[in-house]
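> So here's coords.txt (compact mmCIF, C-alpha atoms).
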# COMPACT_ATOMS: atom_id res chain seq x y z
CA MET T 170 3.33 9.63 1.48
CA THR T 171 1.33 6.59 2.46
CA THR T 172 0.05 6.55 6.05
CA TRP T 173 -0.52 3.50 8.21
CA GLY T 174 -1.79 2.44 11.60
CA ILE T 175 -2.65 -0.52 13.78
CA VAL T 176 -5.67 -1.69 15.74
CA ALA T 177 -5.63 -4.08 18.69
CA THR T 178 -8.06 -5.28 21.33
CA VAL T 179 -5.97 -5.70 24.46
CA LYS T 180 -6.13 -7.18 27.93
CA ALA T 181 -2.67 -7.13 29.45
CA GLU T 182 -0.48 -5.52 32.08
CA PRO T 183 -0.06 -1.73 31.65
CA ASP T 184 3.66 -2.03 30.83
CA THR T 185 2.90 -4.59 28.11
CA ILE T 186 0.27 -2.35 26.52
CA LEU T 187 2.57 0.68 26.59
CA GLU T 188 5.45 -1.30 25.05
CA PHE T 189 3.18 -2.47 22.26
CA ALA T 190 1.97 1.05 21.46
CA ALA T 191 5.39 2.67 21.82
CA HIS T 192 7.12 0.18 19.54
CA HIS T 193 4.72 0.91 16.69
CA LEU T 194 4.98 4.66 17.23
CA GLU T 195 8.74 4.17 17.01
CA LEU T 196 8.26 2.52 13.61
CA GLY T 197 6.39 5.57 12.37
CA ALA T 198 2.75 4.56 12.82
CA ASP T 199 0.45 7.47 12.07
CA GLU T 200 -2.35 6.01 14.18
CA VAL T 201 -2.45 3.49 17.04
CA ASN T 202 -5.93 2.29 17.99
CA ILE T 203 -6.12 0.55 21.35
CA TYR T 204 -9.39 -1.05 22.50
CA LEU T 205 -9.15 -1.91 26.19
CA ASP T 206 -10.97 -5.18 26.83
CA ALA T 207 -10.62 -4.53 30.57
CA PRO T 208 -9.85 -1.39 32.62
CA SER T 209 -6.16 -0.48 32.59
CA ASP T 210 -3.90 2.03 34.29
CA ALA T 211 -2.31 2.57 30.88
CA LYS T 212 -5.40 4.36 29.57
CA ASP T 213 -4.53 7.92 30.60
CA VAL T 214 -0.92 7.58 29.46
CA LEU T 215 -2.04 6.31 26.07
CA ALA T 216 -4.75 8.95 25.69
CA ALA T 217 -2.23 11.75 26.20
CA HIS T 218 -0.38 10.83 22.99
CA PRO T 219 -1.69 12.61 19.88
CA LYS T 220 -1.35 9.55 17.64
CA VAL T 221 -3.07 7.10 20.00
CA ASN T 222 -6.82 6.50 20.08
CA VAL T 223 -7.80 4.56 23.20
CA LEU T 224 -11.31 3.30 23.90
CA GLN T 225 -12.57 1.54 27.00
CA CYS T 226 -14.79 -1.35 25.91
CA ASP T 227 -17.25 -1.13 28.79
CA ASP T 228 -21.01 -1.76 28.82
CA LYS T 229 -21.70 1.74 27.50
CA TYR T 230 -19.40 1.15 24.54
CA TRP T 231 -20.96 -2.20 23.61
CA LYS T 232 -24.48 -0.84 23.99
CA MET T 233 -23.56 1.90 21.51
CA ARG T 234 -21.94 -0.60 19.14
CA ARG T 235 -24.64 -3.31 19.29
CA PRO T 236 -27.89 -1.68 20.50
CA LYS T 237 -30.17 -4.39 19.08
CA GLU T 238 -28.16 -7.42 20.19
CA THR T 239 -29.27 -9.53 23.14
CA HIS T 240 -25.64 -10.08 24.13
CA GLN T 241 -24.21 -6.66 23.41
CA ARG T 242 -20.67 -7.64 24.41
CA PRO T 243 -19.56 -10.60 22.27
CA PRO T 244 -18.83 -13.49 24.65
CA MET T 245 -15.66 -14.64 22.84
CA HIS T 246 -12.69 -12.31 22.60
CA GLN T 247 -12.35 -13.18 18.90
CA GLY T 248 -15.79 -11.64 18.29
CA ARG T 249 -14.77 -8.52 20.19
CA GLN T 250 -11.62 -8.30 18.09
CA PHE T 251 -13.64 -8.48 14.84
CA ALA T 252 -16.05 -5.80 16.02
CA ASN T 253 -13.36 -3.42 17.23
CA ALA T 254 -11.23 -3.82 14.13
CA LYS T 255 -14.24 -3.00 11.96
CA TRP T 256 -15.05 0.07 14.06
CA ALA T 257 -11.47 1.32 13.83
CA TYR T 258 -11.49 0.65 10.08
CA MET T 259 -14.69 2.66 9.61
CA HIS T 260 -13.25 5.67 11.45
CA THR T 261 -9.57 5.63 10.53
CA SER T 262 -7.79 8.42 8.69
CA VAL T 263 -4.83 6.32 7.48
CA ASP T 264 -4.34 4.58 4.12
CA TRP T 265 -3.52 1.14 5.57
CA LEU T 266 -4.57 -0.50 8.84
CA ALA T 267 -3.08 -3.63 10.43
CA HIS T 268 -5.07 -5.77 12.87
CA ILE T 269 -2.66 -7.37 15.34
CA ASP T 270 -2.50 -8.51 18.99
CA VAL T 271 -0.79 -6.96 22.00
CA ASP T 272 1.89 -9.69 21.98
CA GLU T 273 2.71 -9.11 18.31
CA PHE T 274 5.22 -6.54 17.05
CA LEU T 275 5.81 -5.50 13.46
CA TRP T 276 9.52 -5.84 12.61
CA PRO T 277 10.39 -4.25 9.26
CA LYS T 278 13.71 -4.43 7.45
CA THR T 279 12.87 -1.24 5.57
CA ASP T 280 10.47 1.64 6.20
CA ILE T 281 6.86 0.41 6.38
CA LYS T 282 5.48 3.50 4.62
CA THR T 283 7.78 2.87 1.67
CA GLN T 284 6.85 -0.82 1.51
CA LEU T 285 3.12 -0.04 1.46
CA ASP T 286 3.57 2.78 -1.02
CA LYS T 287 5.11 0.36 -3.53
CA LEU T 288 2.19 -2.09 -3.48
CA PRO T 289 0.14 -2.29 -6.70
CA SER T 290 -3.18 -0.45 -6.78
CA ASP T 291 -5.17 -3.70 -7.02
CA CYS T 292 -3.58 -5.03 -3.83
CA LEU T 293 -6.17 -4.57 -1.10
CA CYS T 294 -4.29 -6.44 1.63
CA ALA T 295 -0.70 -7.32 2.49
CA ARG T 296 0.20 -10.28 4.68
CA ILE T 297 2.87 -10.22 7.38
CA ARG T 298 4.33 -13.62 8.25
CA PRO T 299 4.87 -14.46 11.95
CA ILE T 300 7.87 -15.74 13.81
CA GLU T 301 7.56 -17.01 17.39
CA ALA T 302 9.78 -15.94 20.27
CA LEU T 303 11.87 -18.48 22.12
CA SER T 304 12.49 -18.28 25.85
CA GLY T 305 16.04 -17.45 26.80
CA ASP T 306 18.52 -14.97 28.27
CA GLY T 307 20.90 -12.68 26.48
CA GLU T 308 21.02 -9.43 24.55
CA GLU T 309 19.15 -10.91 21.61
CA THR T 310 15.76 -12.56 21.48
CA HIS T 311 15.71 -15.68 19.33
CA PHE T 312 12.71 -16.52 17.15
CA LYS T 313 11.60 -19.58 15.21
CA ALA T 314 10.35 -19.31 11.64
CA CYS T 315 9.07 -22.07 9.36
CA SER T 316 8.78 -22.78 5.65
CA GLU T 317 5.91 -21.16 3.76
CA ASN T 318 5.63 -24.32 1.65
CA TRP T 319 3.30 -26.81 3.35
CA MET T 320 5.05 -30.03 2.24
CA GLN T 321 8.49 -28.67 3.12
CA ARG T 322 7.18 -27.59 6.51
CA LEU T 323 5.65 -31.01 7.09
CA ASP T 324 9.01 -32.65 6.32
CA GLU T 325 11.19 -30.28 8.36
CA THR T 326 9.18 -29.84 11.55
CA PRO T 327 9.73 -33.35 13.05
CA LYS T 328 13.44 -33.01 12.32
CA ILE T 329 13.66 -29.71 14.22
CA TYR T 330 11.39 -30.81 17.09
CA PRO T 331 12.00 -34.60 17.36
CA GLU T 332 9.41 -35.47 20.02
CA PHE T 333 6.61 -32.96 19.54
CA GLY T 334 7.16 -31.77 15.96
CA PRO T 335 4.74 -34.37 14.51
CA TYR T 336 1.94 -32.65 16.44
CA LEU T 337 2.80 -29.09 15.42
CA ASN T 338 2.48 -26.88 12.38
CA GLY T 339 5.98 -25.59 11.79
CA GLY T 340 6.79 -25.96 15.48
CA PHE T 341 4.48 -23.04 16.25
CA LEU T 342 2.13 -22.96 19.23
CA SER T 343 0.05 -20.25 17.62
CA HIS T 344 -0.83 -19.20 14.09
CA VAL T 345 1.42 -19.53 11.05
CA ALA T 346 -1.06 -17.60 8.88
CA GLY T 347 0.16 -14.17 9.91
CA LYS T 348 -1.78 -10.92 9.98
CA LEU T 349 -2.87 -8.35 7.40
CA PHE T 350 -2.45 -4.74 6.47
CA VAL T 351 -5.71 -3.74 4.77
CA ARG T 352 -6.17 -0.82 2.40
CA THR T 353 -8.80 1.48 3.88
CA GLY T 354 -11.94 2.86 2.24
CA LEU T 355 -13.43 -0.52 1.27
CA GLN T 356 -17.14 -1.13 1.78
CA ASP T 357 -18.99 -4.10 3.33
CA ILE T 358 -15.89 -5.83 4.62
CA LYS T 359 -15.19 -8.08 7.61
CA PHE T 360 -11.77 -7.34 9.08
CA LYS T 361 -11.05 -10.64 10.80
CA ILE T 362 -8.00 -11.90 12.65
CA HIS T 363 -6.12 -13.50 9.75
CA ASN T 364 -8.22 -12.60 6.71
CA LEU T 365 -10.24 -9.90 4.98
CA GLU T 366 -13.71 -10.90 3.83
CA THR T 367 -15.25 -8.81 1.02
CA PRO T 368 -18.26 -9.19 -1.31
CA SER T 369 -15.85 -10.10 -4.12
CA GLY T 370 -14.00 -12.76 -2.11
CA ASN T 371 -11.40 -13.14 0.58
CA ASN T 372 -8.12 -11.23 0.62
CA PRO T 373 -8.43 -9.60 -2.82
CA GLY T 374 -5.10 -8.84 -4.44
CA GLU T 375 -3.17 -10.22 -1.47
CA VAL T 376 0.59 -9.63 -1.51
CA LEU T 377 3.19 -10.83 0.97
CA LEU T 378 4.95 -7.93 2.69
CA GLU T 379 8.33 -9.59 2.30
CA ASN T 380 10.40 -7.06 4.24
CA THR T 381 8.33 -7.14 7.42
CA GLU T 382 8.02 -9.91 9.98
CA LEU T 383 5.60 -10.21 12.89
CA LEU T 384 7.38 -10.93 16.15
CA HIS T 385 4.97 -13.04 18.18
CA MET T 386 5.90 -13.02 21.87
CA HIS T 387 3.69 -16.04 22.52
CA ALA T 388 5.85 -17.73 25.16
CA LYS T 389 8.53 -15.38 26.48
CA SER T 390 9.28 -17.63 29.46
CA TRP T 391 7.96 -20.72 31.22
CA GLU T 392 6.28 -18.53 33.84
CA ASP T 393 4.79 -16.23 31.20
CA TRP T 394 3.43 -19.21 29.26
CA LEU T 395 1.81 -20.77 32.32
CA LYS T 396 0.01 -17.49 33.14
CA THR T 397 -1.98 -17.68 29.91
CA TYR T 398 -2.08 -21.46 29.45
CA GLN T 399 -5.49 -22.16 30.99
CA TYR T 400 -7.13 -19.22 29.21
CA ARG T 401 -5.71 -20.25 25.85
CA LYS T 402 -6.84 -23.83 26.46
CA THR T 403 -10.45 -22.80 27.06
CA MET T 404 -10.87 -19.58 25.04
CA GLY T 405 -7.83 -19.04 22.86
CA SER T 406 -5.45 -20.74 20.47
CA TYR T 407 -5.45 -24.10 22.33
CA ARG T 408 -9.21 -24.49 22.61
CA GLU T 409 -10.88 -27.82 22.02
CA GLU T 410 -12.75 -27.14 18.77
CA LEU T 411 -9.76 -26.03 16.70
CA ALA T 412 -8.45 -28.23 13.92
CA PRO T 413 -5.31 -30.33 14.44
CA PRO T 414 -2.28 -28.13 13.65
CA ILE T 415 -0.66 -30.65 11.30
CA GLN T 416 -3.69 -30.85 9.01
CA PRO T 417 -3.49 -28.66 5.88
CA PRO T 418 -5.47 -25.40 6.11
CA GLY T 419 -9.23 -25.93 5.90
CA VAL T 420 -9.20 -29.59 6.96
CA ARG T 421 -11.41 -30.16 10.00
CA GLU T 422 -11.48 -33.97 10.36
CA ASN T 423 -10.93 -35.15 13.92
CA ASP T 424 -7.99 -37.43 13.10
CA PRO T 425 -6.94 -39.30 16.28
CA ASP T 426 -3.41 -39.54 14.91
CA ALA T 427 -3.25 -35.75 14.57
CA PRO T 428 -4.51 -34.35 17.89
CA ASN T 429 -4.96 -30.63 18.25
CA LEU T 430 -3.04 -28.75 20.93
CA HIS T 431 -5.92 -29.02 23.38
CA ARG T 432 -5.87 -32.82 23.31
CA LEU T 433 -2.08 -32.96 23.27
CA PHE T 434 -1.82 -30.79 26.37
CA LEU T 435 -4.51 -32.79 28.18
CA ALA T 436 -2.54 -35.96 27.46
CA LEU T 437 0.66 -34.37 28.80
CA GLU T 438 -1.15 -33.24 31.93
CA ASP T 439 -2.60 -36.70 32.49
CA ALA T 440 0.80 -38.32 32.04
CA GLY T 441 2.88 -35.96 34.13
CA GLY T 442 1.13 -32.74 35.13
CA ASP T 443 3.43 -29.73 34.93
CA THR T 444 6.36 -32.08 34.32
CA GLY T 445 4.86 -33.14 31.00
CA LEU T 446 4.08 -29.56 30.03
CA ARG T 447 7.60 -28.50 30.97
CA GLN T 448 9.05 -31.23 28.78
CA PHE T 449 7.01 -29.84 25.88
CA PHE T 450 8.08 -26.27 26.63
CA ASN T 451 11.76 -27.17 26.85
CA GLU T 452 11.77 -28.75 23.38
CA VAL T 453 9.49 -26.33 21.55
CA CYS T 454 9.82 -22.95 23.28
CA ALA T 455 13.23 -22.77 24.98
CA ALA T 456 16.24 -21.33 23.18
CA THR T 457 18.50 -24.29 23.89
CA PRO T 458 21.75 -24.58 21.93
CA GLU T 459 20.43 -27.75 20.29
CA LEU T 460 17.21 -26.12 19.05
CA LEU T 461 19.01 -23.00 17.88
CA GLN T 462 21.40 -25.14 15.83
CA ARG T 463 18.59 -27.14 14.25
CA LEU T 464 16.71 -23.95 13.36
CA ARG T 465 19.92 -22.50 11.93
CA THR T 466 20.48 -25.63 9.83
CA TYR T 467 17.08 -25.27 8.16
CA GLY T 468 17.29 -21.48 7.84
CA HIS T 469 14.54 -20.81 10.38
CA LEU T 470 16.44 -18.99 13.12
CA ARG T 471 15.95 -15.24 13.59
CA SER T 472 17.75 -13.26 16.32
CA TYR T 473 16.96 -9.62 17.07
CA LYS T 474 17.75 -7.04 19.71
CA THR T 475 14.51 -5.47 20.89
CA ASP T 476 14.07 -2.36 23.02
CA PHE T 477 10.39 -2.22 23.83
CA ALA T 478 10.94 -0.65 27.26
CA GLY T 479 13.19 2.01 25.76
CA ALA T 480 10.48 2.91 23.25
CA VAL T 481 8.10 3.58 26.15
CA LEU T 482 10.53 6.09 27.64
CA ARG T 483 10.89 7.82 24.28
CA HIS T 484 7.17 8.12 23.52
CA PHE T 485 5.29 8.25 26.82
CA LYS T 486 5.67 10.14 30.07
CA THR T 487 4.94 7.49 32.69
Spit out the file's structure as structure tokens when you get a sec.

Amino acid sequence: MTTWGIVATVKAEPDTILEFAAHHLELGADEVNIYLDAPSDAKDVLAAHPKVNVLQCDDKYWKMRRPKETHQRPPMHQGRQFANAKWAYMHTSVDWLAHIDVDEFLWPKTDIKTQLDKLPSDCLCARIRPIEALSGDGEETHFKACSENWMQRLDETPKIYPEFGPYLNGGFLSHVAGKLFVRTGLQDIKFKIHNLETPSGNNPGEVLLENTELLHMHAKSWEDWLKTYQYRKTMGSYREELAPPIQPPGVRENDPDAPNLHRLFLALEDAGGDTGLRQFFNEVCAATPELLQRLRTYGHLRSYKTDFAGAVLRHFKT
């Protein structure tokens, strides 16, 4: 039977890290590779599980990984993610490895092992499409999806998000590209965040893993979003140099009519401080009845009951 695992570089609260690991163990992961980007009280709990490999990415680790580099620890977290994913890939014992983030959770409709086992032999990577969590109360968590077709997405997004949709790709604050499962054993590869680079080209034999979604808990609440807002604006998915979200993939022109999220958020801050940001959040990230109905109309509403905390109790002694 096909085996699979995940790799993630994480900097989060201990409970968040444990929920992430436990959920994927619950799905049947044969290997969970956790690279701690900062010290965490979760380390010993994780290390006690036989299917979890946990590494502390301290100065000793980076000196071992990059002995000839002037800056042994990559300054950007994206560079640290690349390096750690490659290291896990080089040392894994599973057939397929997925590179995801601590706020992302695989959500399969059918067994992941069976899905991967059915992929053709020339498929070297399988893409998992993301859906973004909406903030709200209730037994279910609501998520937004978007069309895979670019022109359809461009048409639908302003209708679903009337004020801010023209500035967003599918209404998402983060990526719409998704993440990859990569077949292991390949040589001279770069296991990046959204793509696999190989000597023969990018993403060879790519197939969409249709029966698995990626739950992205990007903005679980207003308070949760504000905690990470400044970091994302300077170092993460809202940073200044990124392309405008509504441009097609690969287009990097600085179109003043298509500002990226960094410039949009600066404008909202200038106009109204937190009030402007809250207005944005309420339309784009809050599970209001109006937004849920619009998402339902266009077939982009997903609603799931999650039990991440329960998974921790079942897989870890805390």
> With distances taken over all atoms listed in the file, which residue among T:Ser304, T:Thr381, T:Thr171, T:Asn202 lies nearest His260 in chain T?
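Closest candidate: T:Asn202.
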> Under the rule that only C-alpha atoms are counted, which of T:Phe485, T:Trp276, T:Phe434, T:Tyr467 is the nearest residue to Leu383 in chain T?
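Ranked by minimum distance to Leu383 in chain T, first place goes to T:Trp276.
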> Can you tell me how far CA of Leu196 in chain T sits from CA of Phe477 in chain T, in Å to one decimal?
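Separation of CA of Leu196 in chain T and CA of Phe477 in chain T: 11.5 Å.
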> Between CA of Pro183 in chain T and CA of His344 in chain T, what is the distance, to one decimal in Å?
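That distance, rounded to one decimal, is 24.8 Å.
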> What lies within 10 Å of range 249-251 of chain T using only C-alpha atoms, ignoring chain neighbours under 2 positions off, as number ranges by chain?
T: 176-179, 204, 206, 226, 231, 242-247, 253-256, 268-270, 359-362
> Enumerate, as a ChimeraX atom specification, the protein, DNA and RNA residues whose atoms approach (16.3, -2.4, 22.1) to within 12 Å, taking into account all atoms listed in the file and the coordinate frame of the file.
/T:188,192,195,308-310,473-483
> In Å, how far is it from CA of Ala267 in chain T to CA of His218 in chain T?
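Interatomic distance here is 19.3 Å.
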> From the list T:Lys389, T:Leu461, T:Cys294, T:Trp265, which residue is nearest Asn364 in chain T when using only C-alpha atoms?
T:Cys294
> For range 310-314 of chain T, take all atoms listed in the file, fit an axis-aligned box around them, add 4 Å to each of the six sides, then output centre and edge lengths in Å rounded to one decimal, as lines of an AutoDock Vina configuration file.

center_x = 13.1
center_y = -16.1
center_z = 16.6
size_x = 13.4
size_y = 15.0
size_z = 17.8
> Report as a tab-separated table (two decimals) with C-alpha atoms, in the coordinates of the input all protein, DNA and RNA residues lying within 10 Å of Gly305 in chain T, evaluated on all atoms listed in the file, omitting residues in the same chain fewer than 5 positions from it.

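around-v3.tsv, freshly written:
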chain	number	residue	atom	x	y	z
T	310	THR	CA	15.76	-12.56	21.48
T	311	HIS	CA	15.71	-15.68	19.33
T	389	LYS	CA	8.53	-15.38	26.48
T	390	SER	CA	9.28	-17.63	29.46
T	391	TRP	CA	7.96	-20.72	31.22
T	454	CYS	CA	9.82	-22.95	23.28
T	455	ALA	CA	13.23	-22.77	24.98
T	456	ALA	CA	16.24	-21.33	23.18
T	457	THR	CA	18.50	-24.29	23.89
> Quick one: residues within 6 Å of range 332-343 of chain T, all atoms listed in the file, excluding same-chain residues fewer than 4 positions away - as a ChimeraX atom specification?
/T:315,322,326-327,414-415
> Could those selected residues go to a file with C-alpha atoms, as a JSON list (two decimals), in the frame of the given file?

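And here's result27.json as it stands now:
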[["chain", "number", "residue", "atom", "x", "y", "z"],
["T", 315, "CYS", "CA", 9.07, -22.07, 9.36],
["T", 322, "ARG", "CA", 7.18, -27.59, 6.51],
["T", 326, "THR", "CA", 9.18, -29.84, 11.55],
["T", 327, "PRO", "CA", 9.73, -33.35, 13.05],
["T", 414, "PRO", "CA", -2.28, -28.13, 13.65],
["T", 415, "ILE", "CA", -0.66, -30.65, 11.30]]
